[in-house]
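Undergrad: Take this structure first; my questions come after.
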Amino acid sequence: MRNKVVIIGCGNVGMSYAYALLNQKTSVNELVLIDLNMERVKGEVMDLNHCLAFAPSKIDIKDGTYEDCKDADIVVIAAGANQNPGETRMDLINKNSKIFKSIVESVMNNNFNGIFLVATNPLDVMTYLTWKYSGLPAHKIIGSGTSLDTARLRYLIGDKLKINPKNVHAYVIGEHGDSEFVPWSNASIGLQNIHDFLDEGELEKIYVDVRDAAYDIINRKGATCYGIGMCLVRITNAILGDENTILTVSSYEPNNGIFVGGPTILNRQGTRERVYVKLNEEETRKLTNSIEVIKEAIRNVTE
């Protein structure tokens, strides 16, 4: 089966995704890079192709144009302005909404009918705009959502308890941004409730460290890229492998008409369905607040 992925935007995030994809066993067998700086892209393609002798999968890697989207299974959008020190993700909204309109229309003008995977901030708003600009059904539009935040959460808990992060069962949900939160009432280590391991103060510190991780990394090195690159590969493999895997992506929430991060079943069709976890009163309030933050941002950019 032909599994073709097109990356639009070959900066830090796009290329971290491409490199992570090359280093993992994957069913992707064709990878096309598109960027405004085509000379740089040609150099990136050369560099990636020189890895193939030691890569676990054979991938045909090339530079391309929007015409390459016509038969792509997944188009990954990693283009847009970067978050600078002192900026929130929402500060990028006006710059990136204009960029996205041009990108999505260019993709759709080439009869694309695959799945959009969005990695540009403000993530949930850009995912919503991709849906609106493309006219595709909502199940074909996926944002990376809080998958990276969840990975950070599991790492920090695992590091604190000296436990493999894969045995930490906890999610970050809501906006990929300052209003995200952890429903601790659903978190466990193996099958044991997390409150048996960590007290409220420790849980709060971990949450704050997760929420503010991007700011800390950007202040230190200017950008975050490796973590999101790995998350995009995990989402890609879940889709192309028809895994019916649950990941915390930004998917369509029909009760509110927006895209927001939450546990979602992914397969070859895109999103199969959202998984609604039972929240306590405080967590319900936090989710409502996060949804309102996204709605307000959408209103500001579409009115």
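Please note that chains go A, B, ... in the order of the structure tokens, that every chain numbers its residues from 1, and that ligands are numbered from 1 in the order shown.
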When you look at Ala170 (chain A) with a cut-off of 8 Å (counting only C-alpha atoms), what residues show up, excluding the ones that are within fewer than 3 positions of it in the same chain? I need them as a PyMOL selection string.

TA: chain A and resi 150+153-154+182-184+186-188

Undergrad: Would you put the residues from that selection into a file with C-alpha atoms, as a compact mmCIF listing (two decimals), in the first residue's frame?

TA:
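New file selection23.txt:
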# COMPACT_ATOMS: atom_id res chain seq x y z
CA THR A 150 0.82 14.24 27.79
CA LEU A 153 3.49 14.71 31.89
CA ARG A 154 4.28 11.01 31.73
CA VAL A 182 -4.61 17.27 34.05
CA PRO A 183 -7.68 15.31 35.21
CA TRP A 184 -5.84 13.77 38.15
CA ASN A 186 -8.34 9.57 36.19
CA ALA A 187 -4.55 9.22 36.57
CA SER A 188 -2.88 6.00 37.67

Undergrad: Please identify every residue of region 173-282 of chain A that has at least one atom no farther than 7 Å from an atom of region 8-32 of chain A, counting only C-alpha atoms, and for each give the shortest atom pair and the distance in Å to one decimal, arranged by chain then increasing number, as CSV.

TA:
residue,atom,partner,partner_atom,distance
A:Cys225,CA,A:Val13,CA,4.7
A:Tyr226,CA,A:Ser16,CA,5.6
A:Ile228,CA,A:Val13,CA,6.9
A:Gly229,CA,A:Tyr17,CA,3.8
A:Met230,CA,A:Ala20,CA,6.0
A:Leu232,CA,A:Tyr17,CA,6.4
A:Val233,CA,A:Leu21,CA,5.7
A:Asn237,CA,A:Thr26,CA,6.4
A:Leu240,CA,A:Ser27,CA,6.8

Undergrad: Keeping all heavy atoms for every residue in the selection just given, could you write it to a file as a PDB file, in the first residue's frame?

TA:
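Wrote out.pdb, looks like this:
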ATOM      1  N   CYS A 225      11.144  21.319  19.417  1.00  0.00           N
ATOM      2  CA  CYS A 225      10.978  20.601  18.150  1.00  0.00           C
ATOM      3  C   CYS A 225      11.066  19.084  18.276  1.00  0.00           C
ATOM      4  O   CYS A 225      10.303  18.375  17.621  1.00  0.00           O
ATOM      5  CB  CYS A 225      11.983  21.090  17.115  1.00  0.00           C
ATOM      6  SG  CYS A 225      13.710  21.037  17.662  1.00  0.00           S
ATOM      7  N   TYR A 226      11.954  18.547  19.091  1.00  0.00           N
ATOM      8  CA  TYR A 226      12.138  17.096  19.129  1.00  0.00           C
ATOM      9  C   TYR A 226      10.909  16.379  19.683  1.00  0.00           C
ATOM     10  O   TYR A 226      10.473  15.357  19.134  1.00  0.00           O
ATOM     11  CB  TYR A 226      13.365  16.722  19.971  1.00  0.00           C
ATOM     12  CG  TYR A 226      14.651  17.349  19.498  1.00  0.00           C
ATOM     13  CD1 TYR A 226      15.542  17.918  20.397  1.00  0.00           C
ATOM     14  CD2 TYR A 226      14.977  17.386  18.137  1.00  0.00           C
ATOM     15  CE1 TYR A 226      16.721  18.505  19.977  1.00  0.00           C
ATOM     16  CE2 TYR A 226      16.155  17.969  17.711  1.00  0.00           C
ATOM     17  CZ  TYR A 226      17.016  18.529  18.629  1.00  0.00           C
ATOM     18  OH  TYR A 226      18.180  19.114  18.207  1.00  0.00           O
ATOM     19  N   ILE A 228       7.701  17.349  19.777  1.00  0.00           N
ATOM     20  CA  ILE A 228       6.570  17.371  18.859  1.00  0.00           C
ATOM     21  C   ILE A 228       6.854  16.508  17.636  1.00  0.00           C
ATOM     22  O   ILE A 228       5.940  15.876  17.090  1.00  0.00           O
ATOM     23  CB  ILE A 228       6.205  18.822  18.454  1.00  0.00           C
ATOM     24  CG1 ILE A 228       4.928  18.847  17.608  1.00  0.00           C
ATOM     25  CG2 ILE A 228       7.343  19.493  17.731  1.00  0.00           C
ATOM     26  CD1 ILE A 228       3.700  18.283  18.279  1.00  0.00           C
ATOM     27  N   GLY A 229       8.113  16.447  17.220  1.00  0.00           N
ATOM     28  CA  GLY A 229       8.454  15.566  16.095  1.00  0.00           C
ATOM     29  C   GLY A 229       8.115  14.114  16.390  1.00  0.00           C
ATOM     30  O   GLY A 229       7.534  13.410  15.555  1.00  0.00           O
ATOM     31  N   MET A 230       8.439  13.660  17.602  1.00  0.00           N
ATOM     32  CA  MET A 230       8.126  12.282  17.996  1.00  0.00           C
ATOM     33  C   MET A 230       6.622  12.061  18.089  1.00  0.00           C
ATOM     34  O   MET A 230       6.103  11.008  17.692  1.00  0.00           O
ATOM     35  CB  MET A 230       8.791  11.960  19.331  1.00  0.00           C
ATOM     36  CG  MET A 230      10.291  11.786  19.242  1.00  0.00           C
ATOM     37  SD  MET A 230      10.763  10.242  18.434  1.00  0.00           S
ATOM     38  CE  MET A 230      10.484   9.081  19.765  1.00  0.00           C
ATOM     39  N   LEU A 232       4.273  13.598  16.393  1.00  0.00           N
ATOM     40  CA  LEU A 232       3.713  13.539  15.041  1.00  0.00           C
ATOM     41  C   LEU A 232       3.961  12.176  14.396  1.00  0.00           C
ATOM     42  O   LEU A 232       3.104  11.659  13.668  1.00  0.00           O
ATOM     43  CB  LEU A 232       4.314  14.656  14.182  1.00  0.00           C
ATOM     44  CG  LEU A 232       3.908  16.080  14.564  1.00  0.00           C
ATOM     45  CD1 LEU A 232       4.742  17.091  13.774  1.00  0.00           C
ATOM     46  CD2 LEU A 232       2.421  16.322  14.335  1.00  0.00           C
ATOM     47  N   VAL A 233       5.122  11.590  14.661  1.00  0.00           N
ATOM     48  CA  VAL A 233       5.393  10.243  14.145  1.00  0.00           C
ATOM     49  C   VAL A 233       4.441   9.234  14.773  1.00  0.00           C
ATOM     50  O   VAL A 233       3.897   8.365  14.082  1.00  0.00           O
ATOM     51  CB  VAL A 233       6.856   9.835  14.411  1.00  0.00           C
ATOM     52  CG1 VAL A 233       7.070   8.356  14.069  1.00  0.00           C
ATOM     53  CG2 VAL A 233       7.802  10.689  13.574  1.00  0.00           C
ATOM     54  N   ASN A 237       1.853   6.985  12.560  1.00  0.00           N
ATOM     55  CA  ASN A 237       1.840   5.525  12.563  1.00  0.00           C
ATOM     56  C   ASN A 237       0.501   4.966  13.023  1.00  0.00           C
ATOM     57  O   ASN A 237       0.053   3.917  12.537  1.00  0.00           O
ATOM     58  CB  ASN A 237       2.972   4.992  13.443  1.00  0.00           C
ATOM     59  CG  ASN A 237       4.340   5.176  12.809  1.00  0.00           C
ATOM     60  OD1 ASN A 237       4.447   5.346  11.596  1.00  0.00           O
ATOM     61  ND2 ASN A 237       5.387   5.155  13.613  1.00  0.00           N
ATOM     62  N   LEU A 240      -1.784   5.428   9.744  1.00  0.00           N
ATOM     63  CA  LEU A 240      -1.450   4.559   8.613  1.00  0.00           C
ATOM     64  C   LEU A 240      -1.484   3.082   9.000  1.00  0.00           C
ATOM     65  O   LEU A 240      -1.721   2.218   8.145  1.00  0.00           O
ATOM     66  CB  LEU A 240      -0.081   4.936   8.048  1.00  0.00           C
ATOM     67  CG  LEU A 240       0.012   6.351   7.450  1.00  0.00           C
ATOM     68  CD1 LEU A 240       1.420   6.595   6.895  1.00  0.00           C
ATOM     69  CD2 LEU A 240      -1.032   6.561   6.358  1.00  0.00           C
TER      70      LEU A 240
END

Undergrad: Which residue, A:Leu33, A:Ala213, A:Val41, A:Leu247, has the smallest gap to Gly64 (chain A) when you use only C-alpha atoms?

TA: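 Going through A:Leu33, A:Ala213, A:Val41, A:Leu247 one by one, the smallest distance to Gly64 (chain A) is for A:Leu33.
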
Undergrad: Skipping near chain neighbours, those fewer than 6 positions away, what residues fall within 6 Å of region 116-132 of chain A using only C-alpha atoms, listed as a PDB file with all heavy atoms, in the first residue's frame?

TA:
ATOM      1  N   ILE A  74      -1.465  11.712   4.018  1.00  0.00           N
ATOM      2  CA  ILE A  74      -1.432  12.679   5.108  1.00  0.00           C
ATOM      3  C   ILE A  74      -0.653  13.907   4.664  1.00  0.00           C
ATOM      4  O   ILE A  74       0.445  13.785   4.108  1.00  0.00           O
ATOM      5  CB  ILE A  74      -0.774  12.100   6.376  1.00  0.00           C
ATOM      6  CG1 ILE A  74      -1.515  10.852   6.878  1.00  0.00           C
ATOM      7  CG2 ILE A  74      -0.727  13.145   7.495  1.00  0.00           C
ATOM      8  CD1 ILE A  74      -0.830  10.163   8.057  1.00  0.00           C
ATOM      9  N   VAL A  75      -1.207  15.074   4.916  1.00  0.00           N
ATOM     10  CA  VAL A  75      -0.478  16.331   4.756  1.00  0.00           C
ATOM     11  C   VAL A  75      -0.268  16.907   6.146  1.00  0.00           C
ATOM     12  O   VAL A  75      -1.234  17.171   6.871  1.00  0.00           O
ATOM     13  CB  VAL A  75      -1.229  17.334   3.862  1.00  0.00           C
ATOM     14  CG1 VAL A  75      -0.612  18.730   3.985  1.00  0.00           C
ATOM     15  CG2 VAL A  75      -1.198  16.885   2.408  1.00  0.00           C
ATOM     16  N   VAL A  76       0.988  17.069   6.513  1.00  0.00           N
ATOM     17  CA  VAL A  76       1.349  17.612   7.827  1.00  0.00           C
ATOM     18  C   VAL A  76       1.702  19.088   7.660  1.00  0.00           C
ATOM     19  O   VAL A  76       2.590  19.423   6.875  1.00  0.00           O
ATOM     20  CB  VAL A  76       2.543  16.852   8.437  1.00  0.00           C
ATOM     21  CG1 VAL A  76       2.929  17.454   9.782  1.00  0.00           C
ATOM     22  CG2 VAL A  76       2.216  15.373   8.578  1.00  0.00           C
ATOM     23  N   ILE A  77       1.003  19.955   8.372  1.00  0.00           N
ATOM     24  CA  ILE A  77       1.300  21.386   8.301  1.00  0.00           C
ATOM     25  C   ILE A  77       2.097  21.795   9.532  1.00  0.00           C
ATOM     26  O   ILE A  77       1.598  21.770  10.652  1.00  0.00           O
ATOM     27  CB  ILE A  77       0.021  22.238   8.199  1.00  0.00           C
ATOM     28  CG1 ILE A  77      -0.855  21.775   7.030  1.00  0.00           C
ATOM     29  CG2 ILE A  77       0.405  23.705   8.018  1.00  0.00           C
ATOM     30  CD1 ILE A  77      -2.131  22.585   6.866  1.00  0.00           C
ATOM     31  N   ALA A  78       3.354  22.146   9.279  1.00  0.00           N
ATOM     32  CA  ALA A  78       4.239  22.618  10.342  1.00  0.00           C
ATOM     33  C   ALA A  78       4.735  24.019  10.030  1.00  0.00           C
ATOM     34  O   ALA A  78       5.707  24.490  10.634  1.00  0.00           O
ATOM     35  CB  ALA A  78       5.418  21.662  10.506  1.00  0.00           C
ATOM     36  N   ARG A  89       1.199  31.012  22.884  1.00  0.00           N
ATOM     37  CA  ARG A  89       0.805  30.414  21.610  1.00  0.00           C
ATOM     38  C   ARG A  89      -0.280  31.242  20.933  1.00  0.00           C
ATOM     39  O   ARG A  89      -0.331  31.372  19.716  1.00  0.00           O
ATOM     40  CB  ARG A  89       0.339  28.976  21.834  1.00  0.00           C
ATOM     41  CG  ARG A  89       1.439  28.046  22.363  1.00  0.00           C
ATOM     42  CD  ARG A  89       0.898  26.656  22.649  1.00  0.00           C
ATOM     43  NE  ARG A  89       1.931  25.758  23.154  1.00  0.00           N
ATOM     44  CZ  ARG A  89       2.157  25.542  24.442  1.00  0.00           C
ATOM     45  NH1 ARG A  89       1.434  26.180  25.351  1.00  0.00           N
ATOM     46  NH2 ARG A  89       3.096  24.701  24.829  1.00  0.00           N
ATOM     47  N   MET A  90      -1.178  31.816  21.745  1.00  0.00           N
ATOM     48  CA  MET A  90      -2.277  32.605  21.190  1.00  0.00           C
ATOM     49  C   MET A  90      -1.797  33.896  20.524  1.00  0.00           C
ATOM     50  O   MET A  90      -2.476  34.447  19.667  1.00  0.00           O
ATOM     51  CB  MET A  90      -3.287  32.940  22.283  1.00  0.00           C
ATOM     52  CG  MET A  90      -4.195  31.772  22.658  1.00  0.00           C
ATOM     53  SD  MET A  90      -5.211  31.209  21.265  1.00  0.00           S
ATOM     54  CE  MET A  90      -6.236  29.984  22.103  1.00  0.00           C
ATOM     55  N   ILE A 141      -9.451  15.810   9.924  1.00  0.00           N
ATOM     56  CA  ILE A 141      -8.640  16.916  10.437  1.00  0.00           C
ATOM     57  C   ILE A 141      -8.187  16.580  11.858  1.00  0.00           C
ATOM     58  O   ILE A 141      -9.008  16.356  12.742  1.00  0.00           O
ATOM     59  CB  ILE A 141      -9.437  18.241  10.458  1.00  0.00           C
ATOM     60  CG1 ILE A 141     -10.189  18.461   9.143  1.00  0.00           C
ATOM     61  CG2 ILE A 141      -8.512  19.393  10.787  1.00  0.00           C
ATOM     62  CD1 ILE A 141      -9.317  18.631   7.928  1.00  0.00           C
ATOM     63  N   ILE A 142      -6.880  16.564  12.073  1.00  0.00           N
ATOM     64  CA  ILE A 142      -6.319  16.201  13.373  1.00  0.00           C
ATOM     65  C   ILE A 142      -5.230  17.200  13.739  1.00  0.00           C
ATOM     66  O   ILE A 142      -4.360  17.507  12.914  1.00  0.00           O
ATOM     67  CB  ILE A 142      -5.717  14.781  13.345  1.00  0.00           C
ATOM     68  CG1 ILE A 142      -6.775  13.746  12.953  1.00  0.00           C
ATOM     69  CG2 ILE A 142      -5.094  14.429  14.696  1.00  0.00           C
ATOM     70  CD1 ILE A 142      -6.192  12.374  12.657  1.00  0.00           C
ATOM     71  N   GLY A 143      -5.287  17.708  14.953  1.00  0.00           N
ATOM     72  CA  GLY A 143      -4.183  18.515  15.462  1.00  0.00           C
ATOM     73  C   GLY A 143      -3.362  17.692  16.444  1.00  0.00           C
ATOM     74  O   GLY A 143      -3.876  16.748  17.060  1.00  0.00           O
ATOM     75  N   SER A 144      -2.104  18.032  16.589  1.00  0.00           N
ATOM     76  CA  SER A 144      -1.265  17.278  17.535  1.00  0.00           C
ATOM     77  C   SER A 144      -1.786  17.413  18.961  1.00  0.00           C
ATOM     78  O   SER A 144      -1.508  16.570  19.822  1.00  0.00           O
ATOM     79  CB  SER A 144       0.187  17.746  17.458  1.00  0.00           C
ATOM     80  OG  SER A 144       0.283  19.144  17.679  1.00  0.00           O
ATOM     81  N   PHE A 259     -12.284  22.224  17.810  1.00  0.00           N
ATOM     82  CA  PHE A 259     -11.293  21.170  17.990  1.00  0.00           C
ATOM     83  C   PHE A 259     -10.569  21.430  19.300  1.00  0.00           C
ATOM     84  O   PHE A 259     -10.140  22.556  19.579  1.00  0.00           O
ATOM     85  CB  PHE A 259     -10.304  21.162  16.822  1.00  0.00           C
ATOM     86  CG  PHE A 259     -10.880  20.612  15.554  1.00  0.00           C
ATOM     87  CD1 PHE A 259     -11.786  21.355  14.817  1.00  0.00           C
ATOM     88  CD2 PHE A 259     -10.540  19.345  15.096  1.00  0.00           C
ATOM     89  CE1 PHE A 259     -12.344  20.863  13.643  1.00  0.00           C
ATOM     90  CE2 PHE A 259     -11.083  18.836  13.922  1.00  0.00           C
ATOM     91  CZ  PHE A 259     -11.987  19.594  13.199  1.00  0.00           C
ATOM     92  N   VAL A 260     -10.427  20.390  20.116  1.00  0.00           N
ATOM     93  CA  VAL A 260      -9.811  20.542  21.433  1.00  0.00           C
ATOM     94  C   VAL A 260      -9.146  19.224  21.809  1.00  0.00           C
ATOM     95  O   VAL A 260      -9.595  18.145  21.415  1.00  0.00           O
ATOM     96  CB  VAL A 260     -10.863  20.968  22.490  1.00  0.00           C
ATOM     97  CG1 VAL A 260     -11.975  19.944  22.620  1.00  0.00           C
ATOM     98  CG2 VAL A 260     -10.212  21.250  23.842  1.00  0.00           C
TER      99      VAL A 260
END

Undergrad: Give me, as a PyMOL selection string, all polymer residues having an atom no more than 7 Å from Gly174 (chain A), counting only C-alpha atoms and skipping those fewer than 6 positions away in the same chain.

TA: chain A and resi 180-181+260-262+287+290-291

Undergrad: Using DSSP on the backbone coordinates, identify the residues of region 58-293 of chain A assigned to strand (DSSP E); present them as a ChimeraX atom specification.

TA: /A:60-63,74-77,115-118,141-143,168-169,188-189,192-193,245-253,258-267,270-274

Undergrad: Between A:Ser97, A:Asn113, A:Asn256, A:Thr65, which has the minimum distance to Asp35 (chain A) (counting only C-alpha atoms)?

TA: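 Between A:Ser97, A:Asn113, A:Asn256, A:Thr65, the residue approaching Asp35 (chain A) most closely is A:Thr65.
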
Undergrad: Select from region 150-273 of chain A everything DSSP, run on the backbone, classes as alpha helix (DSSP H), then give the selection as an MDAnalysis selection string.

TA: chainID A and resid 150:161 200:211 213:221 226:240

Undergrad: Nearest residue to Glu175 (chain A) out of A:Asn300, A:Thr236, A:Asn3, A:Ser251, using only C-alpha atoms?

TA: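 Nearest to Glu175 (chain A): A:Ser251.
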
Undergrad: When you count only C-alpha atoms, which of these residues is closest to Val249 (chain A): A:Asn167, A:Thr224, A:Thr146, A:Asn37?

TA: A:Thr146

Undergrad: Could you state the separation of CA of Thr264 (chain A) and CA of Ile103 (chain A) in Å, given to one decimal place?

TA: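 Separation between CA of Thr264 (chain A) and CA of Ile103 (chain A): 25.8 Å.
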
Undergrad: Counting only C-alpha atoms, which residue out of A:Leu279, A:Ile189, A:Glu292, A:Ala223 sits closest to Lys162 (chain A)?

TA: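 Among the listed residues, A:Ile189 lies closest to Lys162 (chain A).
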
Undergrad: I want to know what sits within 9 Å of Asn111 (chain A), based on only C-alpha atoms, with residues of the same chain fewer than 6 positions away left out; could you give that as JSON, numbers by chain?

TA: {"A": [67, 69, 70, 71]}

Undergrad: Can you write out the residues you just picked, keeping N, CA, C and O atoms, as a PDB file, in the first residue's frame?

TA:
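Once everything was written out, this is selection.pdb:
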ATOM      1  N   GLU A  67       1.349  20.222  -5.865  1.00  0.00           N
ATOM      2  CA  GLU A  67       0.787  19.183  -6.739  1.00  0.00           C
ATOM      3  C   GLU A  67       0.970  17.792  -6.142  1.00  0.00           C
ATOM      4  O   GLU A  67       0.194  16.875  -6.421  1.00  0.00           O
ATOM      5  N   CYS A  69       0.353  16.906  -3.279  1.00  0.00           N
ATOM      6  CA  CYS A  69      -0.683  16.630  -2.274  1.00  0.00           C
ATOM      7  C   CYS A  69      -1.851  15.844  -2.848  1.00  0.00           C
ATOM      8  O   CYS A  69      -2.644  15.275  -2.083  1.00  0.00           O
ATOM      9  N   LYS A  70      -1.971  15.798  -4.154  1.00  0.00           N
ATOM     10  CA  LYS A  70      -3.180  15.227  -4.764  1.00  0.00           C
ATOM     11  C   LYS A  70      -3.375  13.757  -4.402  1.00  0.00           C
ATOM     12  O   LYS A  70      -4.514  13.282  -4.290  1.00  0.00           O
ATOM     13  N   ASP A  71      -2.301  13.017  -4.203  1.00  0.00           N
ATOM     14  CA  ASP A  71      -2.432  11.595  -3.876  1.00  0.00           C
ATOM     15  C   ASP A  71      -1.800  11.268  -2.525  1.00  0.00           C
ATOM     16  O   ASP A  71      -1.469  10.112  -2.246  1.00  0.00           O
TER      17      ASP A  71
END

Undergrad: Using only C-alpha atoms, can you tell me which of A:Lys166, A:Ser106, A:Ala138, A:Leu198 comes closest to Glu253 (chain A)?

TA: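 Result for the nearest residue to Glu253 (chain A): A:Ala138.
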
Undergrad: To one decimal in Å, tell me the separation between CA of Ser134 (chain A) and CA of Glu44 (chain A).

TA: 28.2 Å
